[in-house]
file work_3.cif (mmCIF, C-alpha atoms)
data_start
#
loop_
_atom_site.label_atom_id
_atom_site.label_comp_id
_atom_site.auth_asym_id
_atom_site.auth_seq_id
_atom_site.Cartn_x
_atom_site.Cartn_y
_atom_site.Cartn_z
CA MET A 1 63.80 153.68 84.39
CA SER A 2 66.69 152.86 82.12
CA THR A 3 67.87 149.35 81.21
CA THR A 4 71.40 150.04 82.48
CA ASP A 5 70.19 150.15 86.09
CA GLN A 6 69.06 146.50 86.08
CA ARG A 7 71.20 144.00 87.96
CA GLY A 8 71.29 140.19 88.12
CA LEU A 9 71.91 137.29 85.84
CA SER A 10 70.03 136.16 82.83
CA LEU A 11 68.92 132.56 82.58
CA VAL A 12 71.57 131.85 79.92
CA GLU A 13 74.38 133.21 82.12
CA LEU A 14 73.17 131.16 85.06
CA LEU A 15 73.10 127.95 82.99
CA VAL A 16 76.60 128.59 81.60
CA PHE A 17 77.87 129.17 85.16
CA ILE A 18 76.31 125.91 86.41
CA VAL A 19 77.82 123.91 83.51
CA VAL A 20 81.33 125.37 84.05
CA VAL A 21 81.23 124.76 87.81
CA GLY A 22 79.87 121.24 87.25
CA ILE A 23 82.74 120.38 84.91
CA ALA A 24 85.29 121.75 87.38
CA VAL A 25 83.79 119.84 90.30
CA THR A 26 83.72 116.64 88.23
CA GLY A 27 87.43 117.02 87.44
CA VAL A 28 88.36 117.62 91.08
CA MET A 29 86.23 114.71 92.28
CA SER A 30 87.81 112.32 89.76
CA VAL A 31 91.26 113.21 91.16
CA TYR A 32 90.05 112.54 94.72
CA SER A 33 88.48 109.28 93.60
CA LEU A 34 91.74 108.13 91.97
CA ASN A 35 93.68 109.00 95.13
CA ALA A 36 91.19 107.15 97.33
CA ARG A 37 91.34 104.01 95.16
CA SER A 38 95.14 103.90 95.13
CA SER A 39 95.70 104.94 98.74
CA VAL A 40 95.84 101.29 99.82
CA ASP A 41 98.68 100.53 97.37
CA PRO A 42 101.41 102.17 99.48
CA MET A 43 100.49 99.92 102.40
CA VAL A 44 100.58 96.82 100.19
CA ARG A 45 103.91 97.92 98.70
CA LYS A 46 105.42 98.64 102.14
CA GLN A 47 104.31 95.24 103.41
CA ALA A 48 105.79 93.50 100.37
CA VAL A 49 109.09 95.34 100.83
CA ALA A 50 109.14 94.47 104.54
CA ILE A 51 108.57 90.78 103.75
CA ALA A 52 111.31 90.81 101.08
CA GLU A 53 113.79 92.60 103.36
CA SER A 54 113.09 90.21 106.22
CA LEU A 55 113.51 87.09 104.10
CA LEU A 56 116.64 88.43 102.36
CA GLU A 57 118.19 89.26 105.74
CA GLU A 58 117.32 85.77 107.00
CA VAL A 59 119.02 84.10 104.02
CA LEU A 60 122.11 86.33 104.03
CA SER A 61 122.64 85.73 107.75
CA LYS A 62 123.19 82.00 107.15
CA PRO A 63 126.71 80.61 106.71
CA PHE A 64 128.22 80.13 103.26
CA THR A 65 130.77 77.40 103.91
CA TYR A 66 132.47 74.66 101.88
CA CYS A 67 131.04 72.00 104.16
CA ASP A 68 127.52 71.62 105.39
CA PRO A 69 127.39 73.38 108.77
CA ASP A 70 126.60 69.97 110.35
CA ASP A 71 130.01 68.66 109.16
CA ALA A 72 132.71 68.37 111.84
CA ASN A 73 135.16 70.42 109.72
CA ALA A 74 132.75 73.15 108.65
CA ASP A 75 134.54 75.79 110.73
CA THR A 76 138.03 75.01 109.49
CA ALA A 77 137.79 73.64 105.92
CA LEU A 78 139.61 75.83 103.40
CA ASN A 79 137.97 74.05 100.43
CA ALA A 80 135.50 71.24 99.74
CA ALA A 81 138.25 68.62 100.12
CA GLY A 82 138.60 69.66 103.76
CA CYS A 83 135.10 68.45 104.68
CA ALA A 84 134.87 65.37 106.88
CA THR A 85 131.72 63.94 105.30
CA MET A 86 129.22 66.58 104.14
CA THR A 87 130.26 68.90 101.33
CA GLU A 88 127.87 71.79 100.85
CA THR A 89 126.26 71.27 97.47
CA ALA A 90 125.93 74.51 95.56
CA MET A 91 122.34 75.75 95.35
CA VAL A 92 120.82 72.52 96.74
CA SER A 93 119.00 72.11 100.03
CA GLU A 94 120.10 69.23 102.21
CA PRO A 95 117.55 66.37 102.27
CA GLY A 96 115.19 66.67 105.21
CA GLU A 97 116.05 70.29 106.00
CA THR A 98 113.25 72.85 105.99
CA ARG A 99 112.93 76.46 106.96
CA TYR A 100 110.44 75.61 109.70
CA SER A 101 112.15 72.73 111.50
CA ASN A 102 113.81 73.10 114.88
CA LEU A 103 115.68 69.81 114.46
CA THR A 104 116.80 70.11 110.80
CA PRO A 105 116.51 73.78 109.80
CA TYR A 106 118.04 75.43 106.77
CA ASP A 107 121.59 76.06 107.92
CA ASN A 108 123.33 77.38 104.81
CA VAL A 109 122.59 80.04 102.19
CA ASN A 110 122.39 77.36 99.49
CA ASP A 111 119.52 75.63 101.29
CA TYR A 112 117.17 78.48 100.38
CA ASN A 113 117.55 78.13 96.61
CA GLY A 114 114.09 77.46 95.16
CA PHE A 115 112.37 78.17 98.46
CA ASN A 116 108.73 79.10 97.85
CA MET A 117 105.90 80.39 100.05
CA PRO A 118 102.80 80.31 97.84
CA ALA A 119 99.65 82.34 98.38
CA PRO A 120 97.65 80.84 100.00
CA PRO A 121 98.65 80.04 102.69
CA GLY A 122 100.90 83.08 102.26
CA ILE A 123 103.78 84.24 104.38
CA ILE A 124 104.61 81.77 107.13
CA GLY A 125 106.29 82.79 110.36
CA LEU A 126 109.77 81.41 110.96
CA THR A 127 109.27 80.74 114.65
CA THR A 128 105.71 79.41 114.47
CA GLY A 129 105.61 77.69 111.09
CA LEU A 130 102.06 79.04 110.74
CA PRO A 131 100.62 81.52 108.23
CA ILE A 132 100.75 85.12 109.45
CA THR A 133 97.30 86.69 109.72
CA GLY A 134 96.65 89.25 106.99
CA LEU A 135 99.41 88.01 104.67
CA ALA A 136 97.53 85.21 102.90
CA GLY A 137 97.56 87.17 99.62
CA TYR A 138 101.36 87.45 99.55
CA SER A 139 103.80 84.90 98.17
CA ALA A 140 107.60 84.77 98.24
CA THR A 141 110.35 82.92 96.40
CA VAL A 142 114.12 82.78 96.87
CA GLN A 143 116.69 82.18 94.18
CA VAL A 144 120.41 81.63 94.91
CA GLN A 145 122.93 81.81 92.05
CA PRO A 146 126.71 81.92 91.78
CA ALA A 147 127.75 85.51 91.11
CA GLY A 148 131.14 84.93 89.50
CA ALA A 149 134.04 87.22 90.29
CA PHE A 150 132.90 90.16 92.36
CA ASN A 151 134.96 93.19 93.43
CA GLY A 152 138.20 91.23 93.46
CA ILE A 153 136.65 88.17 95.11
CA PRO A 154 137.31 85.04 93.02
CA ALA A 155 134.52 83.25 91.17
CA GLY A 156 132.78 80.64 93.30
CA GLU A 157 133.16 82.68 96.47
CA THR A 158 130.07 84.88 96.00
CA LEU A 159 126.37 84.11 95.75
CA LEU A 160 123.61 86.37 94.46
CA VAL A 161 120.44 85.94 96.50
CA THR A 162 117.19 87.29 95.02
CA VAL A 163 113.96 87.39 97.00
CA THR A 164 110.75 88.06 95.06
CA VAL A 165 107.51 88.88 96.85
CA THR A 166 104.20 89.04 95.03
CA ALA A 167 101.50 91.07 96.77
CA PRO A 168 97.76 91.28 96.15
CA GLY A 169 97.01 92.88 92.79
CA ASN A 170 100.12 91.22 91.26
CA LEU A 171 102.45 93.83 92.70
CA GLY A 172 105.94 92.34 92.53
CA ILE A 173 108.94 93.38 94.61
CA SER A 174 112.40 91.87 94.08
CA LEU A 175 115.39 92.49 96.34
CA SER A 176 118.87 91.10 95.78
CA GLY A 177 121.93 90.80 97.93
CA TYR A 178 125.36 89.22 97.75
CA ARG A 179 126.79 86.70 100.21
CA THR A 180 130.50 86.08 100.08
CA ARG A 181 132.50 83.26 101.57
CA TYR A 182 134.98 85.50 103.33
CA ALA A 183 136.24 82.95 105.85
CA PRO A 184 135.83 79.19 106.21
CA ASN A 185 133.59 79.47 109.27
CA LEU A 186 131.32 82.27 108.13
#
call {"tool": "encode", "arguments": {"input": "work_3.cif", "output": "structure tokens"}}
result
Amino acid sequence: MSTTDQRGLSLVELLVFIVVVGIAVTGVMSVYSLNARSSVDPMVRKQAVAIAESLLEEVLSKPFTYCDPDDANADTALNAAGCATMTETAMVSEPGETRYSNLTPYDNVNDYNGFNMPAPPGIIGLTTGLPITGLAGYSATVQVQPAGAFNGIPAGETLLVTVTVTAPGNLGISLSGYRTRYAPNL
């Protein structure tokens, strides 16, 4: 019987094969492990973006008038001198107004400047005034600033609103939008 007719693997070949396959499997498993650990991040990011979008939309939907919206001339004043009693103070919330009150709610874009929802308690529902379950690890802040002249709109007629949401793991999302005073009653 000749030695060329023998088939199979030697012990050395078998050990080399096991080491190579082990290294390959370890590399593949580390990629799967990384994906599994970070698979929650997209959900956290989406939730933070949804919170920021919702709060930004809420702020931008409020009037930006010369007079406080409670003023009798708020709908018709063409400048601050046209207010009956309550001029809207730039970037200052009216005393006693809060986001959660039915009687004295925030009623102007400026009222939201400096607004803060810390974590905990986290994100608080507008209609309930209570923390929303599952969002205790999120916080949100609102900043309102004059934007200066903007696309042909004179200075003083545009506000830059920035909403910043911080999610668990210190993930920060900031969204900005502009609110212009394009008519006295809007």
call {"tool": "atom_distance", "arguments": {"input": "work_3.cif", "atom1": "CA of Asn110 (chain A)", "atom2": "CA of Ala77 (chain A)"}}
result
17.1 Å
call {"tool": "closest_residue", "arguments": {"input": "work_3.cif", "among": "A:Val109, A:Ala48, A:Ile153, A:Ala80", "to": "Ala140 (chain A)", "atoms": "all atoms listed in the file"}}
result
A:Ala48
call {"tool": "resolve_selection", "arguments": {"input": "work_3.cif", "expression": "the PyMOL selection byres ((chain A and resi 114) around 8)", "output": "list of chain:residue names"}}
result
A:Tyr112, A:Asn113, A:Phe115, A:Asn116, A:Thr141, A:Val142, A:Gln143, A:Val144
call {"tool": "residues_near_point", "arguments": {"input": "work_3.cif", "point": "(114.9, 75.6, 108.5)", "cutoff": "10 Å", "atoms": "only C-alpha atoms", "output": "list in words"}}
result
Gly96, Glu97, Thr98, Arg99, Tyr100, Ser101, Asn102, Leu103, Thr104, Pro105, Tyr106, Asp107, Asn108, Asp111, Tyr112, Leu126, Thr127 and Gly129 of chain A
call {"tool": "residues_around", "arguments": {"input": "work_3.cif", "residues": "Leu171 (chain A)", "least_positions_apart": "6", "cutoff": "10 Å", "atoms": "all atoms listed in the file", "output": "list in words"}}
result
Asp41, Val44, Arg45, Ala48, Tyr138 and Val165 of chain A
call {"tool": "closest_residue", "arguments": {"input": "work_3.cif", "among": "A:Met117, A:Val163, A:Ala50, A:Leu130", "to": "Gly177 (chain A)", "atoms": "only C-alpha atoms"}}
result
A:Val163
call {"tool": "closest_residue", "arguments": {"input": "work_3.cif", "among": "A:Leu159, A:Ile51, A:Met86, A:Ala167", "to": "Pro120 (chain A)", "atoms": "all atoms listed in the file"}}
result
A:Ala167
call {"tool": "resolve_selection", "arguments": {"input": "work_3.cif", "expression": "the PyMOL selection byres ((chain A and resi 176) around 12)", "output": "PyMOL selection string"}}
result
chain A and resi 49+52-57+59-60+141-145+147+159-165+173-175+177-179
call {"tool": "atom_distance", "arguments": {"input": "work_3.cif", "atom1": "CA of Pro168 (chain A)", "atom2": "CA of Pro118 (chain A)"}}
result
12.2 Å
call {"tool": "atom_distance", "arguments": {"input": "work_3.cif", "atom1": "CA of Arg181 (chain A)", "atom2": "CA of Gly156 (chain A)"}}
result
8.7 Å
call {"tool": "closest_residue", "arguments": {"input": "work_3.cif", "among": "A:Val16, A:Gly172, A:Pro131, A:Met29", "to": "Lys46 (chain A)", "atoms": "only C-alpha atoms"}}
result
A:Gly172
call {"tool": "residues_around", "arguments": {"input": "work_3.cif", "residues": "Gly82 (chain A)", "least_positions_apart": "4", "cutoff": "12 Å", "atoms": "all atoms listed in the file", "output": "compact mmCIF listing (two decimals) with C-alpha atoms, in the frame of the given file"}}
result
# COMPACT_ATOMS: atom_id res chain seq x y z
CA THR A 65 130.77 77.40 103.91
CA TYR A 66 132.47 74.66 101.88
CA CYS A 67 131.04 72.00 104.16
CA ASP A 68 127.52 71.62 105.39
CA ASP A 71 130.01 68.66 109.16
CA ALA A 72 132.71 68.37 111.84
CA ASN A 73 135.16 70.42 109.72
CA ALA A 74 132.75 73.15 108.65
CA ASP A 75 134.54 75.79 110.73
CA THR A 76 138.03 75.01 109.49
CA ALA A 77 137.79 73.64 105.92
CA LEU A 78 139.61 75.83 103.40
CA MET A 86 129.22 66.58 104.14
CA THR A 87 130.26 68.90 101.33
CA GLU A 88 127.87 71.79 100.85
CA PRO A 184 135.83 79.19 106.21
call {"tool": "closest_residue", "arguments": {"input": "work_3.cif", "among": "A:Phe64, A:Ala36, A:Pro121, A:Ala81", "to": "Pro146 (chain A)", "atoms": "only C-alpha atoms"}}
result
A:Phe64
call {"tool": "closest_residue", "arguments": {"input": "work_3.cif", "among": "A:Ala84, A:Ala24, A:Glu94, A:Gly122", "to": "Gly134 (chain A)", "atoms": "only C-alpha atoms"}}
result
A:Gly122
call {"tool": "residues_near_point", "arguments": {"input": "work_3.cif", "point": "(133.2, 86.4, 100.1)", "cutoff": "6 Å", "atoms": "all atoms listed in the file", "output": "list of chain:residue names"}}
result
A:Glu157, A:Thr158, A:Thr180, A:Arg181, A:Tyr182
